[in-house]
>>> print(open('my_file34.txt').read())   # compact mmCIF, C-alpha atoms
# COMPACT_ATOMS: atom_id res chain seq x y z
CA MET A 1 18.28 -12.25 -9.84
CA SER A 2 20.94 -14.75 -8.85
CA THR A 3 19.55 -18.01 -7.50
CA SER A 4 20.92 -20.74 -5.27
CA THR A 5 19.76 -23.34 -2.82
CA ALA A 6 22.34 -22.15 -0.25
CA ALA A 7 21.03 -21.06 3.15
CA VAL A 8 22.34 -17.52 2.60
CA GLN A 9 24.11 -15.84 -0.28
CA GLN A 10 24.64 -12.44 -1.86
CA VAL A 11 22.37 -11.70 -4.82
CA SER A 12 22.01 -8.75 -7.18
CA PHE A 13 19.14 -6.76 -8.64
CA THR A 14 18.92 -3.85 -11.07
CA GLY A 15 17.37 -0.63 -9.81
CA VAL A 16 16.15 2.54 -11.51
CA GLY A 17 18.64 3.83 -14.07
CA GLY A 18 20.55 0.55 -14.12
CA VAL A 19 22.19 0.80 -10.69
CA THR A 20 23.21 -2.52 -9.19
CA LEU A 21 21.61 -3.32 -5.85
CA ARG A 22 23.15 -5.98 -3.63
CA ALA A 23 21.21 -8.09 -1.18
CA ASP A 24 21.48 -11.06 1.15
CA GLU A 25 19.10 -13.92 0.50
CA TRP A 26 18.09 -16.65 2.91
CA ARG A 27 16.28 -19.66 1.51
CA PRO A 28 14.58 -22.05 3.92
CA ARG A 29 15.23 -25.77 3.61
CA THR A 30 11.68 -26.18 2.32
CA GLU A 31 9.55 -23.48 0.68
CA GLN A 32 6.17 -25.15 0.94
CA GLY A 33 3.75 -22.36 1.70
CA GLY A 34 6.32 -20.05 3.28
CA SER A 35 6.20 -16.27 2.92
CA THR A 36 8.62 -14.22 0.87
CA ILE A 37 9.86 -11.19 2.80
CA LEU A 38 11.82 -8.19 1.52
CA LEU A 39 13.67 -6.30 4.29
CA LEU A 40 14.37 -2.60 3.70
CA HIS A 41 16.78 -0.84 6.06
CA GLY A 42 16.76 2.77 7.23
CA GLY A 43 18.85 5.67 6.00
CA GLY A 44 22.55 5.28 6.79
CA GLN A 45 22.16 1.59 7.59
CA THR A 46 22.97 -1.46 5.45
CA ARG A 47 21.37 -4.83 4.82
CA HIS A 48 23.45 -6.21 7.70
CA SER A 49 21.11 -4.43 10.12
CA TRP A 50 18.67 -7.26 9.34
CA LYS A 51 21.12 -10.17 9.73
CA LYS A 52 19.63 -11.73 12.90
CA THR A 53 16.08 -11.05 11.74
CA GLY A 54 16.74 -12.60 8.33
CA GLU A 55 18.24 -15.72 9.84
CA ARG A 56 15.33 -16.21 12.22
CA LEU A 57 12.64 -15.54 9.62
CA ALA A 58 14.27 -18.05 7.27
CA GLY A 59 14.52 -20.50 10.14
CA ALA A 60 10.75 -20.20 10.52
CA GLY A 61 10.27 -21.14 6.86
CA ALA A 62 10.30 -17.76 5.07
CA HIS A 63 12.24 -16.87 1.94
CA VAL A 64 14.00 -13.65 2.92
CA VAL A 65 15.84 -10.97 0.95
CA SER A 66 17.59 -8.08 2.73
CA LEU A 67 18.41 -5.23 0.34
CA ASP A 68 21.20 -2.65 0.38
CA THR A 69 19.51 0.59 -0.69
CA ARG A 70 21.24 2.54 -3.46
CA GLY A 71 24.15 4.52 -2.02
CA HIS A 72 24.40 2.13 0.94
CA GLY A 73 26.48 -0.96 1.70
CA ASP A 74 27.57 -2.82 -1.42
CA SER A 75 24.97 -1.31 -3.75
CA ASP A 76 25.93 1.25 -6.38
CA TRP A 77 25.92 4.93 -5.52
CA SER A 78 23.68 7.18 -7.61
CA PRO A 79 25.92 8.30 -10.49
CA ASP A 80 24.62 11.86 -10.25
CA GLY A 81 24.70 11.96 -6.43
CA ARG A 82 20.92 12.31 -6.33
CA TYR A 83 18.85 10.54 -3.67
CA SER A 84 15.12 10.88 -3.19
CA LEU A 85 12.18 8.92 -1.83
CA GLU A 86 10.95 8.60 -5.42
CA LEU A 87 14.19 6.84 -6.44
CA PHE A 88 14.22 4.57 -3.39
CA THR A 89 10.61 3.62 -4.03
CA GLY A 90 11.30 2.96 -7.70
CA ASP A 91 14.17 0.67 -6.76
CA VAL A 92 11.92 -1.36 -4.43
CA VAL A 93 9.32 -1.72 -7.18
CA GLU A 94 11.99 -2.98 -9.60
CA VAL A 95 13.41 -5.44 -7.05
CA VAL A 96 9.99 -6.91 -6.24
CA ARG A 97 9.24 -7.32 -9.93
CA GLN A 98 12.55 -9.13 -10.43
CA MET A 99 11.83 -11.39 -7.46
CA GLY A 100 8.80 -12.56 -9.40
CA ARG A 101 6.58 -13.54 -6.49
CA PRO A 102 4.23 -11.92 -3.95
CA VAL A 103 6.10 -10.42 -0.99
CA THR A 104 5.69 -8.94 2.44
CA LEU A 105 7.59 -5.66 2.73
CA VAL A 106 9.27 -4.88 6.06
CA GLY A 107 10.73 -1.38 6.07
CA ALA A 108 12.49 0.57 8.80
CA SER A 109 12.39 4.38 8.71
CA MET A 110 13.36 5.35 5.14
CA GLY A 111 12.78 1.76 4.04
CA GLY A 112 9.25 1.93 5.42
CA LEU A 113 8.45 5.10 3.50
CA SER A 114 9.66 3.57 0.25
CA GLY A 115 7.67 0.44 1.13
CA ILE A 116 4.46 2.47 1.30
CA GLY A 117 4.96 3.81 -2.21
CA ALA A 118 5.97 0.40 -3.57
CA ALA A 119 2.91 -1.27 -2.03
CA ALA A 120 0.64 1.37 -3.55
CA THR A 121 2.28 0.97 -6.96
CA LEU A 122 2.33 -2.84 -7.07
CA GLY A 123 -1.04 -3.58 -5.42
CA PRO A 124 -2.20 -6.28 -2.98
CA ASP A 125 -1.71 -9.17 -5.40
CA VAL A 126 2.04 -8.46 -5.32
CA VAL A 127 2.56 -6.87 -1.88
CA GLU A 128 0.66 -9.16 0.47
CA ALA A 129 1.42 -7.20 3.64
CA LEU A 130 3.36 -4.14 4.81
CA VAL A 131 5.30 -3.79 8.06
CA LEU A 132 6.44 -0.30 9.01
CA VAL A 133 9.22 -0.17 11.60
CA ASP A 134 9.10 3.05 13.63
CA VAL A 135 8.01 5.26 10.78
CA VAL A 136 4.79 7.06 9.84
CA PRO A 137 4.17 9.71 7.18
CA ARG A 138 4.12 12.52 9.79
CA PHE A 139 7.12 11.65 11.91
CA ASP A 140 8.72 13.99 14.45
CA GLN A 141 11.08 16.41 12.72
CA GLN A 142 13.30 16.95 15.77
CA GLY A 143 13.86 13.22 16.16
CA SER A 144 14.64 12.95 12.46
CA ALA A 145 17.04 15.90 12.70
CA ARG A 146 18.93 14.14 15.51
CA ILE A 147 19.57 11.23 13.14
CA ARG A 148 20.75 13.52 10.37
CA ASP A 149 23.01 15.42 12.78
CA PHE A 150 24.64 12.15 13.82
CA MET A 151 25.20 11.14 10.20
CA THR A 152 26.54 14.49 9.01
CA GLY A 153 28.63 14.94 12.16
CA ASN A 154 30.68 11.86 11.30
CA VAL A 155 30.73 12.05 7.53
CA ASP A 156 34.52 12.63 7.58
CA GLY A 157 35.12 9.28 9.23
CA PHE A 158 36.85 8.01 12.36
CA ASP A 159 40.49 7.42 13.25
CA THR A 160 39.69 4.05 14.81
CA LEU A 161 36.83 1.60 15.21
CA HIS A 162 36.83 2.45 18.91
CA ASP A 163 36.04 6.07 18.00
CA ALA A 164 33.12 4.87 15.88
CA ALA A 165 31.87 2.73 18.78
CA ASP A 166 32.04 5.73 21.11
CA ALA A 167 30.02 7.85 18.65
CA ILE A 168 27.36 5.15 18.36
CA SER A 169 27.20 4.79 22.14
CA ALA A 170 26.66 8.53 22.55
CA TYR A 171 23.92 8.45 19.92
CA LEU A 172 22.23 5.35 21.38
CA PRO A 173 22.76 5.69 25.15
CA HIS A 174 19.95 3.21 25.95
CA ARG A 175 21.99 0.33 24.52
CA ASP A 176 24.65 -1.62 26.41
CA LYS A 177 28.07 -0.40 25.29
CA THR A 178 29.87 -3.32 23.66
CA PHE A 179 32.78 -3.19 21.23
CA ASN A 180 32.34 -5.60 18.32
CA PRO A 181 34.91 -4.75 15.63
CA GLU A 182 33.61 -7.34 13.16
CA GLY A 183 30.08 -6.01 13.55
CA LEU A 184 31.29 -2.44 12.99
CA LYS A 185 33.15 -3.48 9.84
CA ARG A 186 29.84 -4.46 8.27
CA ASN A 187 28.76 -0.81 8.43
CA LEU A 188 32.12 0.93 7.98
CA ARG A 189 34.79 0.78 5.29
CA GLN A 190 38.45 1.69 5.66
CA GLY A 191 39.67 4.32 3.24
CA ASP A 192 43.10 4.58 1.63
CA ASP A 193 43.93 7.14 4.33
CA GLY A 194 43.37 4.53 7.05
CA ARG A 195 40.26 6.24 8.43
CA TRP A 196 36.94 4.40 8.85
CA TYR A 197 33.94 5.73 6.94
CA TRP A 198 30.26 4.81 7.08
CA HIS A 199 29.35 2.42 4.30
CA TRP A 200 27.18 4.86 2.36
CA ASP A 201 27.56 7.73 -0.08
CA PRO A 202 28.19 11.06 1.73
CA ALA A 203 26.02 12.68 -0.94
CA PHE A 204 23.06 10.87 0.61
CA VAL A 205 23.10 12.99 3.78
CA ARG A 206 24.20 16.14 1.99
CA SER A 207 21.36 15.98 -0.52
CA LYS A 208 18.14 17.92 0.05
CA PRO A 209 14.73 16.23 -0.33
CA GLY A 210 13.68 18.79 -2.93
CA ASP A 211 10.00 18.70 -2.02
CA ASP A 212 7.55 20.04 0.55
CA ARG A 213 7.50 17.61 3.49
CA PHE A 214 3.83 18.39 4.22
CA VAL A 215 2.84 17.62 0.64
CA ARG A 216 4.95 14.46 0.81
CA ALA A 217 3.23 13.40 4.06
CA GLU A 218 -0.21 13.94 2.51
CA HIS A 219 0.80 11.85 -0.50
CA LEU A 220 2.09 9.03 1.71
CA GLU A 221 -1.12 9.11 3.74
CA GLU A 222 -3.17 8.88 0.55
CA GLN A 223 -1.10 5.88 -0.53
CA LEU A 224 -1.50 4.23 2.88
CA ALA A 225 -5.26 4.76 2.87
CA SER A 226 -5.49 3.16 -0.59
CA LEU A 227 -3.80 -0.09 0.46
CA ALA A 228 -5.89 -3.23 0.69
CA ALA A 229 -3.06 -5.30 2.14
CA PRO A 230 -2.72 -5.74 5.94
CA ILE A 231 -0.51 -3.13 7.62
CA LEU A 232 1.47 -3.37 10.84
CA LEU A 233 3.27 -0.52 12.60
CA ILE A 234 5.98 -1.57 15.05
CA ARG A 235 6.96 1.36 17.27
CA GLY A 236 9.82 1.58 19.72
CA LYS A 237 8.34 2.97 22.92
CA LEU A 238 11.54 5.00 23.45
CA SER A 239 11.39 6.44 19.92
CA ASP A 240 11.83 10.18 19.46
CA VAL A 241 10.87 9.86 15.77
CA VAL A 242 7.38 8.36 16.18
CA PRO A 243 5.85 9.84 19.35
CA ALA A 244 2.44 8.77 20.66
CA ASP A 245 0.54 11.57 18.89
CA ALA A 246 2.06 10.53 15.55
CA VAL A 247 0.70 7.02 16.13
CA GLU A 248 -2.78 8.46 16.70
CA GLY A 249 -2.51 10.35 13.42
CA PHE A 250 -1.46 7.13 11.70
CA ARG A 251 -4.45 5.27 13.18
CA ALA A 252 -6.78 7.96 11.84
CA VAL A 253 -5.48 7.35 8.30
CA VAL A 254 -5.47 3.53 8.47
CA PRO A 255 -7.79 2.50 11.30
CA ALA A 256 -7.57 -1.17 10.33
CA ALA A 257 -3.79 -1.23 10.78
CA GLU A 258 -2.27 -3.09 13.71
CA VAL A 259 0.12 -1.28 16.06
CA VAL A 260 2.61 -2.98 18.37
CA GLU A 261 4.96 -1.21 20.79
CA LEU A 262 8.29 -2.65 21.89
CA ALA A 263 8.89 -1.45 25.44
CA ASP A 264 12.71 -1.53 25.41
CA ALA A 265 13.28 -0.22 21.89
CA ALA A 266 13.96 3.20 20.39
CA HIS A 267 13.94 4.22 16.71
CA THR A 268 16.29 1.32 15.92
CA ALA A 269 13.58 -1.09 17.04
CA ALA A 270 14.70 -4.23 15.21
CA ALA A 271 18.25 -4.01 16.55
CA ASP A 272 17.22 -2.94 20.06
CA ASP A 273 15.00 -5.96 20.73
CA ASN A 274 15.52 -8.36 17.85
CA ASP A 275 13.83 -11.43 19.31
CA ALA A 276 10.65 -9.58 20.24
CA PHE A 277 10.66 -7.67 16.95
CA THR A 278 11.01 -10.80 14.82
CA GLN A 279 8.32 -12.64 16.76
CA VAL A 280 5.89 -9.78 16.17
CA VAL A 281 6.59 -9.96 12.42
CA LEU A 282 6.13 -13.74 12.39
CA ASP A 283 2.86 -13.51 14.31
CA PHE A 284 1.54 -10.83 11.96
CA ILE A 285 2.43 -12.74 8.80
CA GLY A 286 1.03 -15.97 10.22
CA ALA A 287 -2.26 -14.30 11.09
CA HIS A 288 -2.75 -12.95 7.56
CA ARG A 289 -1.75 -15.90 5.40
>>> encode(input="my_file34.txt", output="structure tokens")
Amino acid sequence: MSTSTAAVQQVSFTGVGGVTLRADEWRPRTEQGGSTILLLHGGGQTRHSWKKTGERLAGAGAHVVSLDTRGHGDSDWSPDGRYSLELFTGDVVEVVRQMGRPVTLVGASMGGLSGIGAAATLGPDVVEALVLVDVVPRFDQQGSARIRDFMTGNVDGFDTLHDAADAISAYLPHRDKTFNPEGLKRNLRQGDDGRWYWHWDPAFVRSKPGDDRFVRAEHLEEQLASLAAPILLIRGKLSDVVPADAVEGFRAVVPAAEVVELADAAHTAAADDNDAFTQVVLDFIGAHR
């Protein structure tokens, strides 16, 4: 891993099969007793989804790394076009090992699922705590399908950044509609044809999981139940991916886990209410150090 005393810089890790994984790293001015936190974004997002959270966590004294998942952002695409939860989990395990210190994993959606597997693989001496952001093993399939429809519906790109902003607004109607071209450029890249494309490999959304989702859910639940580290579920109250009954199922598997709802947030909980989200994470980590 690259190292520096700078407040924030881009660093690199090596994932499964030798793929290069890029990340942003925030180092606090002093690291005396602070936590180390690895932020894992959701499918179709990039590490920039965590920018405000990373800055605030580092400002509170944490050492923070926000990772671009393979096929996303500035990380390498899978050379064979294959994407699976097993690969994402393996990458997280490799990154944590290269960080060389105990971490708290904070994972949104897909990042949360890979965090479960990584925590189970590495154990509580390495993964000190796990924060799941609007994801449980048995999430709502219709809500998940709405996300995939949005991603596949725009895989051929946009003529302008305004078109991309309109698509996002239609997908997230609960958010205030604001046009921030610089913010959009962190999640879109301009092709040689002048069109704007999401900053991830189209093969990611075109690939099939290749396993039975019920078997996968049972395996994730077994991994969750085996964890000795503290677990926090942060749910957006407006989420259509983790409805109330899914939370009850989660509680049955890990009754000791903490659950916090953000009233004004949907599936994109961290971005919908960043201040409240970050404070919940800080409170949780502080209570378990």
>>> closest_residue(input="my_file34.txt", among="A:Val241, A:Val65, A:Ala165, A:Ala118", to="A:Ser12", atoms="all atoms listed in the file")
A:Val65
>>> closest_residue(input="my_file34.txt", among="A:Leu40, A:Met151, A:Leu224, A:Ala119", to="A:Phe250", atoms="all atoms listed in the file")
A:Leu224
>>> atom_distance(input="my_file34.txt", atom1="atom CA of A:Arg138", atom2="atom CA of A:Ser207")
20.4 Å
>>> residues_around(input="my_file34.txt", residues="stretch 53-57 of chain A", least_positions_apart="4", cutoff="10 Å", atoms="only C-alpha atoms", output="PyMOL selection string")
chain A and resi 7-8+24-28+35-39+47-49+61-66+270-271+274-275+277-279+281-282
>>> residues_around(input="my_file34.txt", residues="A:Ala129", least_positions_apart="4", cutoff="7 Å", atoms="all atoms listed in the file", output="PyMOL selection string")
chain A and resi 104-105+229-231
>>> closest_residue(input="my_file34.txt", among="A:Arg216, A:His288, A:His72, A:His199", to="A:Pro137", atoms="all atoms listed in the file")
A:Arg216
>>> atom_distance(input="my_file34.txt", atom1="atom CA of A:Asn187", atom2="atom CA of A:Asp283")
29.4 Å
>>> residues_around(input="my_file34.txt", residues="A:Gly100", least_positions_apart="5", cutoff="12 Å", atoms="only C-alpha atoms", output="list in words")
Met1, Phe13, Thr36, Val93, Glu94, Val95, Leu122, Asp125, Val126 and Val127 of chain A
>>> closest_residue(input="my_file34.txt", among="A:Asp201, A:Glu258, A:Asp156, A:Asp163", to="A:Thr46", atoms="all atoms listed in the file")
A:Asp201
>>> atom_distance(input="my_file34.txt", atom1="atom CA of A:Leu132", atom2="atom CA of A:Ile234")
6.2 Å
>>> residues_around(input="my_file34.txt", residues="A:Phe150", least_positions_apart="5", cutoff="9 Å", atoms="all atoms listed in the file", output="number ranges by chain")
A: 145, 155, 167-168, 171
>>> closest_residue(input="my_file34.txt", among="A:Val96, A:Leu220, A:Ala257, A:Leu238", to="A:Val131", atoms="all atoms listed in the file")
A:Ala257
>>> closest_residue(input="my_file34.txt", among="A:Arg97, A:Ala170, A:Leu232, A:Gln10", to="A:Gly112", atoms="only C-alpha atoms")
A:Leu232
>>> axis_aligned_box(input="my_file34.txt", around="stretch 41-54 of chain A", padding_each_side="3 Å", output="JSON")
{"center_x": 19.8, "center_y": -3.5, "center_z": 8.9, "size_x": 13.4, "size_y": 24.3, "size_z": 14.1}
>>> residues_around(input="my_file34.txt", residues="A:Arg206", least_positions_apart="6", cutoff="10 Å", atoms="all atoms listed in the file", output="list in words")
Gly81, Arg82, Tyr83, Arg148, Met151, Thr152 and Val155 of chain A
